[in-house]
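Containing mmCIF, N, CA and C atoms: query_0.cif.
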data_protein
loop_
_atom_site.label_atom_id
_atom_site.label_comp_id
_atom_site.auth_asym_id
_atom_site.auth_seq_id
_atom_site.Cartn_x
_atom_site.Cartn_y
_atom_site.Cartn_z
N ALA A 792 158.55 -21.34 42.48
CA ALA A 792 157.46 -20.39 42.41
C ALA A 792 157.68 -19.26 43.41
N TRP A 793 158.12 -19.59 44.63
CA TRP A 793 158.31 -18.54 45.63
C TRP A 793 159.48 -17.63 45.27
N GLN A 794 160.46 -18.13 44.50
CA GLN A 794 161.56 -17.28 44.09
C GLN A 794 161.07 -16.18 43.14
N LYS A 795 160.17 -16.55 42.26
CA LYS A 795 159.63 -15.58 41.32
C LYS A 795 158.79 -14.53 42.05
N VAL A 796 157.98 -14.97 42.98
CA VAL A 796 157.15 -14.05 43.74
C VAL A 796 158.02 -13.13 44.59
N SER A 797 159.04 -13.67 45.23
CA SER A 797 159.90 -12.83 46.07
C SER A 797 160.68 -11.83 45.23
N MET A 798 161.08 -12.22 44.03
CA MET A 798 161.78 -11.28 43.15
C MET A 798 160.85 -10.15 42.71
N LEU A 799 159.61 -10.48 42.39
CA LEU A 799 158.64 -9.45 42.01
C LEU A 799 158.34 -8.50 43.16
N VAL A 800 158.23 -9.05 44.37
CA VAL A 800 157.99 -8.21 45.55
C VAL A 800 159.18 -7.31 45.81
N LEU A 801 160.39 -7.83 45.67
CA LEU A 801 161.60 -7.03 45.87
C LEU A 801 161.68 -5.90 44.85
N MET A 802 161.40 -6.21 43.60
CA MET A 802 161.42 -5.17 42.57
C MET A 802 160.38 -4.09 42.85
N ARG A 803 159.21 -4.50 43.32
CA ARG A 803 158.16 -3.53 43.63
C ARG A 803 158.57 -2.67 44.83
N LEU A 804 159.21 -3.25 45.83
CA LEU A 804 159.67 -2.47 46.98
C LEU A 804 160.75 -1.47 46.59
N ILE A 805 161.64 -1.86 45.71
CA ILE A 805 162.67 -0.94 45.23
C ILE A 805 162.02 0.21 44.47
N TRP A 806 161.03 -0.10 43.65
CA TRP A 806 160.35 0.94 42.88
C TRP A 806 159.64 1.92 43.80
N PHE A 807 158.96 1.41 44.85
CA PHE A 807 158.28 2.30 45.78
C PHE A 807 159.27 3.13 46.59
N ALA A 808 160.42 2.57 46.93
CA ALA A 808 161.45 3.36 47.63
C ALA A 808 161.95 4.48 46.71
N PHE A 809 162.15 4.17 45.44
CA PHE A 809 162.57 5.17 44.47
C PHE A 809 161.52 6.28 44.35
N LEU A 810 160.26 5.90 44.24
CA LEU A 810 159.20 6.90 44.16
C LEU A 810 159.09 7.72 45.44
N GLY A 811 159.36 7.10 46.57
CA GLY A 811 159.39 7.85 47.82
C GLY A 811 160.47 8.91 47.82
N LEU A 812 161.64 8.56 47.29
CA LEU A 812 162.71 9.55 47.16
C LEU A 812 162.33 10.67 46.21
N VAL A 813 161.64 10.33 45.13
CA VAL A 813 161.21 11.34 44.16
C VAL A 813 160.22 12.31 44.83
N VAL A 814 159.27 11.79 45.56
CA VAL A 814 158.28 12.64 46.23
C VAL A 814 158.97 13.49 47.31
N TYR A 815 159.89 12.90 48.07
CA TYR A 815 160.61 13.64 49.10
C TYR A 815 161.45 14.75 48.47
N GLY A 816 162.09 14.45 47.35
CA GLY A 816 162.87 15.46 46.65
C GLY A 816 161.99 16.57 46.10
N ALA A 817 160.82 16.22 45.58
CA ALA A 817 159.91 17.24 45.04
C ALA A 817 159.38 18.13 46.14
N VAL A 818 159.02 17.55 47.27
CA VAL A 818 158.53 18.34 48.40
C VAL A 818 159.64 19.23 48.93
N ASN A 819 160.84 18.70 49.03
CA ASN A 819 161.96 19.48 49.52
C ASN A 819 162.29 20.63 48.56
N ALA A 820 162.23 20.38 47.26
CA ALA A 820 162.50 21.43 46.28
C ALA A 820 161.40 22.50 46.32
N ALA A 821 160.16 22.09 46.50
CA ALA A 821 159.07 23.05 46.58
C ALA A 821 159.15 23.88 47.85
N ARG A 822 159.65 23.29 48.91
CA ARG A 822 159.76 24.01 50.18
C ARG A 822 160.78 25.12 50.10
N PHE A 823 161.83 24.93 49.31
CA PHE A 823 162.87 25.94 49.19
C PHE A 823 162.66 26.85 47.98
N ASN A 824 161.49 26.81 47.36
CA ASN A 824 161.12 27.69 46.25
C ASN A 824 162.14 27.67 45.12
N SER A 825 162.53 26.49 44.71
CA SER A 825 163.46 26.35 43.60
C SER A 825 162.67 26.41 42.29
N PHE A 826 162.86 27.49 41.53
CA PHE A 826 162.08 27.68 40.30
C PHE A 826 162.41 26.62 39.26
N GLU A 827 163.71 26.31 39.10
CA GLU A 827 164.10 25.34 38.08
C GLU A 827 163.53 23.96 38.40
N LEU A 828 163.62 23.55 39.65
CA LEU A 828 163.05 22.26 40.01
C LEU A 828 161.53 22.29 39.99
N GLY A 829 160.95 23.47 40.20
CA GLY A 829 159.49 23.60 40.09
C GLY A 829 158.99 23.30 38.70
N ILE A 830 159.75 23.75 37.69
CA ILE A 830 159.38 23.45 36.31
C ILE A 830 159.45 21.94 36.07
N ILE A 831 160.46 21.29 36.62
CA ILE A 831 160.60 19.85 36.45
C ILE A 831 159.47 19.11 37.16
N ILE A 832 159.10 19.59 38.34
CA ILE A 832 158.00 18.96 39.09
C ILE A 832 156.70 19.08 38.30
N VAL A 833 156.45 20.25 37.73
CA VAL A 833 155.24 20.44 36.93
C VAL A 833 155.25 19.52 35.71
N PHE A 834 156.41 19.36 35.06
CA PHE A 834 156.49 18.47 33.91
C PHE A 834 156.21 17.02 34.31
N VAL A 835 156.76 16.59 35.43
CA VAL A 835 156.54 15.21 35.89
C VAL A 835 155.07 15.00 36.23
N LEU A 836 154.48 15.95 36.94
CA LEU A 836 153.06 15.82 37.28
C LEU A 836 152.18 15.84 36.03
N TYR A 837 152.53 16.70 35.07
CA TYR A 837 151.76 16.77 33.83
C TYR A 837 151.85 15.46 33.04
N SER A 838 153.08 14.95 32.90
CA SER A 838 153.22 13.72 32.11
C SER A 838 152.53 12.54 32.80
N ASN A 839 152.62 12.47 34.12
CA ASN A 839 151.92 11.40 34.83
C ASN A 839 150.41 11.57 34.74
N GLY A 840 149.95 12.80 34.85
CA GLY A 840 148.51 13.05 34.78
C GLY A 840 147.93 12.70 33.43
N ILE A 841 148.61 13.10 32.38
CA ILE A 841 148.12 12.81 31.03
C ILE A 841 148.12 11.31 30.76
N HIS A 842 149.19 10.63 31.16
CA HIS A 842 149.26 9.19 30.90
C HIS A 842 148.31 8.38 31.77
N SER A 843 147.96 8.91 32.94
CA SER A 843 147.00 8.18 33.76
C SER A 843 145.57 8.37 33.26
N LEU A 844 145.32 9.44 32.52
CA LEU A 844 143.98 9.65 31.97
C LEU A 844 143.74 8.85 30.70
N LEU A 845 144.80 8.48 30.00
CA LEU A 845 144.64 7.71 28.78
C LEU A 845 144.27 6.27 29.10
N SER A 846 143.33 5.74 28.35
CA SER A 846 142.93 4.36 28.61
C SER A 846 143.97 3.36 28.12
N HIS A 847 144.77 3.76 27.15
CA HIS A 847 145.78 2.86 26.62
C HIS A 847 147.19 3.39 26.91
N GLY A 848 147.35 4.07 28.04
CA GLY A 848 148.66 4.64 28.38
C GLY A 848 149.71 3.55 28.50
N GLU A 849 150.79 3.73 27.80
CA GLU A 849 151.86 2.75 27.83
C GLU A 849 153.05 3.31 28.58
N VAL A 850 153.77 2.44 29.24
CA VAL A 850 154.90 2.83 30.06
C VAL A 850 156.03 3.42 29.21
N ARG A 851 156.15 2.98 28.00
CA ARG A 851 157.27 3.44 27.17
C ARG A 851 157.21 4.93 26.90
N TYR A 852 156.02 5.53 26.97
CA TYR A 852 155.93 6.97 26.76
C TYR A 852 156.37 7.76 27.99
N LEU A 853 156.43 7.12 29.14
CA LEU A 853 156.91 7.79 30.34
C LEU A 853 158.43 7.78 30.45
N PHE A 854 159.10 7.06 29.56
CA PHE A 854 160.57 7.01 29.62
C PHE A 854 161.19 8.38 29.37
N THR A 855 160.48 9.26 28.69
CA THR A 855 161.03 10.60 28.48
C THR A 855 161.07 11.39 29.78
N ALA A 856 160.27 11.02 30.76
CA ALA A 856 160.27 11.71 32.04
C ALA A 856 161.21 11.07 33.06
N MET A 857 161.77 9.92 32.75
CA MET A 857 162.63 9.22 33.72
C MET A 857 163.85 10.01 34.16
N PRO A 858 164.54 10.74 33.28
CA PRO A 858 165.67 11.54 33.79
C PRO A 858 165.24 12.55 34.86
N PHE A 859 164.03 13.06 34.74
CA PHE A 859 163.54 14.00 35.75
C PHE A 859 163.21 13.30 37.05
N TYR A 860 162.75 12.05 36.96
CA TYR A 860 162.57 11.24 38.17
C TYR A 860 163.92 11.05 38.86
N PHE A 861 164.94 10.73 38.08
CA PHE A 861 166.27 10.53 38.66
C PHE A 861 166.78 11.80 39.30
N LEU A 862 166.55 12.93 38.66
CA LEU A 862 166.99 14.20 39.21
C LEU A 862 166.31 14.48 40.55
N LEU A 863 165.00 14.28 40.61
CA LEU A 863 164.28 14.51 41.86
C LEU A 863 164.66 13.51 42.93
N SER A 864 164.98 12.28 42.55
CA SER A 864 165.41 11.31 43.56
C SER A 864 166.78 11.69 44.12
N ILE A 865 167.65 12.25 43.29
CA ILE A 865 168.95 12.70 43.79
C ILE A 865 168.78 13.89 44.73
N VAL A 866 167.83 14.78 44.42
CA VAL A 866 167.53 15.89 45.33
C VAL A 866 167.04 15.33 46.67
N GLY A 867 166.20 14.31 46.62
CA GLY A 867 165.73 13.68 47.85
C GLY A 867 166.83 13.00 48.63
N LEU A 868 167.74 12.30 47.93
CA LEU A 868 168.88 11.67 48.61
C LEU A 868 169.78 12.70 49.26
N ARG A 869 170.00 13.80 48.55
CA ARG A 869 170.86 14.85 49.10
C ARG A 869 170.22 15.48 50.34
N ALA A 870 168.90 15.69 50.29
CA ALA A 870 168.20 16.26 51.44
C ALA A 870 168.26 15.30 52.64
N LEU A 871 168.10 14.00 52.38
CA LEU A 871 168.21 13.03 53.47
C LEU A 871 169.63 12.98 54.03
N ALA A 872 170.62 13.05 53.16
CA ALA A 872 172.02 13.03 53.62
C ALA A 872 172.31 14.24 54.46
N GLN A 873 171.83 15.41 54.06
CA GLN A 873 172.06 16.62 54.84
C GLN A 873 171.31 16.57 56.16
N LYS A 874 170.13 16.00 56.14
CA LYS A 874 169.33 15.91 57.37
C LYS A 874 170.02 15.03 58.40
N TYR A 875 170.51 13.88 57.96
CA TYR A 875 171.14 12.95 58.90
C TYR A 875 172.60 13.30 59.19
N ALA A 876 173.22 14.12 58.36
CA ALA A 876 174.59 14.57 58.67
C ALA A 876 174.57 15.56 59.82
N HIS A 877 173.51 16.34 59.94
CA HIS A 877 173.40 17.33 61.02
C HIS A 877 172.99 16.68 62.33
N THR A 878 172.29 15.57 62.27
CA THR A 878 171.87 14.92 63.52
C THR A 878 172.92 13.97 64.06
N GLY A 879 173.94 13.66 63.28
CA GLY A 879 175.01 12.80 63.76
C GLY A 879 174.74 11.32 63.62
N MET A 880 173.74 10.94 62.85
CA MET A 880 173.42 9.53 62.69
C MET A 880 174.24 8.93 61.58
#
Would you write the structure of this file as structure tokens?
Amino acid sequence: AWQKVSMLVLMRLIWFAFLGLVVYGAVNAARFNSFELGIIIVFVLYSNGIHSLLSHGEVRYLFTAMPFYFLLSIVGLRALAQKYAHTGM
């Protein structure tokens, strides 16, 4: 039983880390006034907003936005890599 619970907790922690990278990438892209990434950020916020308002929102409809999540997470990873490359860590 504890193996199942620990696996679910681990999966949830990985998902939250991924979402943290997405948010960090979106904030970093907005800070540098990137128009192309701004359009992607608006699309992600729109799709999440619409699906959160639906009472029967299903996860499978958010799969169309997943490539944009991956793109923003890569932007966040790149920003973190550049940040720590300059500090010498």
Starting from the PyMOL selection byres ((chain A and resi 863) around 7), expand the selection into actual residues of this file and give them as a ChimeraX atom specification.
/A:812-817,858-862,864-868
Box for stretch 807-812 of chain A - axis-aligned, 5 Å on each of the six sides, all listed atoms - centre and size in Å to one decimal, as AutoDock Vina command-line options.
--center_x 160.5 --center_y 6.0 --center_z 46.0 --size_x 14.4 --size_y 19.3 --size_z 13.7
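Atom pair atom CA of A:Ile841 / atom N of A:Phe854 has a distance of 12.5 Å (rounded to one decimal).
Atom to atom, atom CA of A:Ala872 and atom CA of A:Met857 stand 22.3 Å apart.
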Spell out the residues picked by the PyMOL selection byres (((chain A and resi 836 and name CA) around 12) and name CA) here, as number ranges by chain.
A: 813-814, 817, 829-835, 837-843, 853, 856, 859-860
Could you write out that same residue set with N, CA and C atoms as a JSON list (two decimals), in the coordinates of the input?
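As written to disk, selection_6.json reads:
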[["chain", "number", "residue", "atom", "x", "y", "z"],
["A", 813, "VAL", "N", 161.64, 10.33, 45.13],
["A", 813, "VAL", "CA", 161.21, 11.34, 44.16],
["A", 813, "VAL", "C", 160.22, 12.31, 44.83],
["A", 814, "VAL", "N", 159.27, 11.79, 45.56],
["A", 814, "VAL", "CA", 158.28, 12.64, 46.23],
["A", 814, "VAL", "C", 158.97, 13.49, 47.31],
["A", 817, "ALA", "N", 160.82, 16.22, 45.58],
["A", 817, "ALA", "CA", 159.91, 17.24, 45.04],
["A", 817, "ALA", "C", 159.38, 18.13, 46.14],
["A", 829, "GLY", "N", 160.95, 23.47, 40.20],
["A", 829, "GLY", "CA", 159.49, 23.60, 40.09],
["A", 829, "GLY", "C", 158.99, 23.30, 38.70],
["A", 830, "ILE", "N", 159.75, 23.75, 37.69],
["A", 830, "ILE", "CA", 159.38, 23.45, 36.31],
["A", 830, "ILE", "C", 159.45, 21.94, 36.07],
["A", 831, "ILE", "N", 160.46, 21.29, 36.62],
["A", 831, "ILE", "CA", 160.60, 19.85, 36.45],
["A", 831, "ILE", "C", 159.47, 19.11, 37.16],
["A", 832, "ILE", "N", 159.10, 19.59, 38.34],
["A", 832, "ILE", "CA", 158.00, 18.96, 39.09],
["A", 832, "ILE", "C", 156.70, 19.08, 38.30],
["A", 833, "VAL", "N", 156.45, 20.25, 37.73],
["A", 833, "VAL", "CA", 155.24, 20.44, 36.93],
["A", 833, "VAL", "C", 155.25, 19.52, 35.71],
["A", 834, "PHE", "N", 156.41, 19.36, 35.06],
["A", 834, "PHE", "CA", 156.49, 18.47, 33.91],
["A", 834, "PHE", "C", 156.21, 17.02, 34.31],
["A", 835, "VAL", "N", 156.76, 16.59, 35.43],
["A", 835, "VAL", "CA", 156.54, 15.21, 35.89],
["A", 835, "VAL", "C", 155.07, 15.00, 36.23],
["A", 837, "TYR", "N", 152.53, 16.70, 35.07],
["A", 837, "TYR", "CA", 151.76, 16.77, 33.83],
["A", 837, "TYR", "C", 151.85, 15.46, 33.04],
["A", 838, "SER", "N", 153.08, 14.95, 32.90],
["A", 838, "SER", "CA", 153.22, 13.72, 32.11],
["A", 838, "SER", "C", 152.53, 12.54, 32.80],
["A", 839, "ASN", "N", 152.62, 12.47, 34.12],
["A", 839, "ASN", "CA", 151.92, 11.40, 34.83],
["A", 839, "ASN", "C", 150.41, 11.57, 34.74],
["A", 840, "GLY", "N", 149.95, 12.80, 34.85],
["A", 840, "GLY", "CA", 148.51, 13.05, 34.78],
["A", 840, "GLY", "C", 147.93, 12.70, 33.43],
["A", 841, "ILE", "N", 148.61, 13.10, 32.38],
["A", 841, "ILE", "CA", 148.12, 12.81, 31.03],
["A", 841, "ILE", "C", 148.12, 11.31, 30.76],
["A", 842, "HIS", "N", 149.19, 10.63, 31.16],
["A", 842, "HIS", "CA", 149.26, 9.19, 30.90],
["A", 842, "HIS", "C", 148.31, 8.38, 31.77],
["A", 843, "SER", "N", 147.96, 8.91, 32.94],
["A", 843, "SER", "CA", 147.00, 8.18, 33.76],
["A", 843, "SER", "C", 145.57, 8.37, 33.26],
["A", 853, "LEU", "N", 156.43, 7.12, 29.14],
["A", 853, "LEU", "CA", 156.91, 7.79, 30.34],
["A", 853, "LEU", "C", 158.43, 7.78, 30.45],
["A", 856, "ALA", "N", 160.27, 11.02, 30.76],
["A", 856, "ALA", "CA", 160.27, 11.71, 32.04],
["A", 856, "ALA", "C", 161.21, 11.07, 33.06],
["A", 859, "PHE", "N", 164.03, 13.06, 34.74],
["A", 859, "PHE", "CA", 163.54, 14.00, 35.75],
["A", 859, "PHE", "C", 163.21, 13.30, 37.05],
["A", 860, "TYR", "N", 162.75, 12.05, 36.96],
["A", 860, "TYR", "CA", 162.57, 11.24, 38.17],
["A", 860, "TYR", "C", 163.92, 11.05, 38.86]]
So how far away is atom CA of A:Ala808 from atom CA of A:Ala876, in Å?
20.5 Å
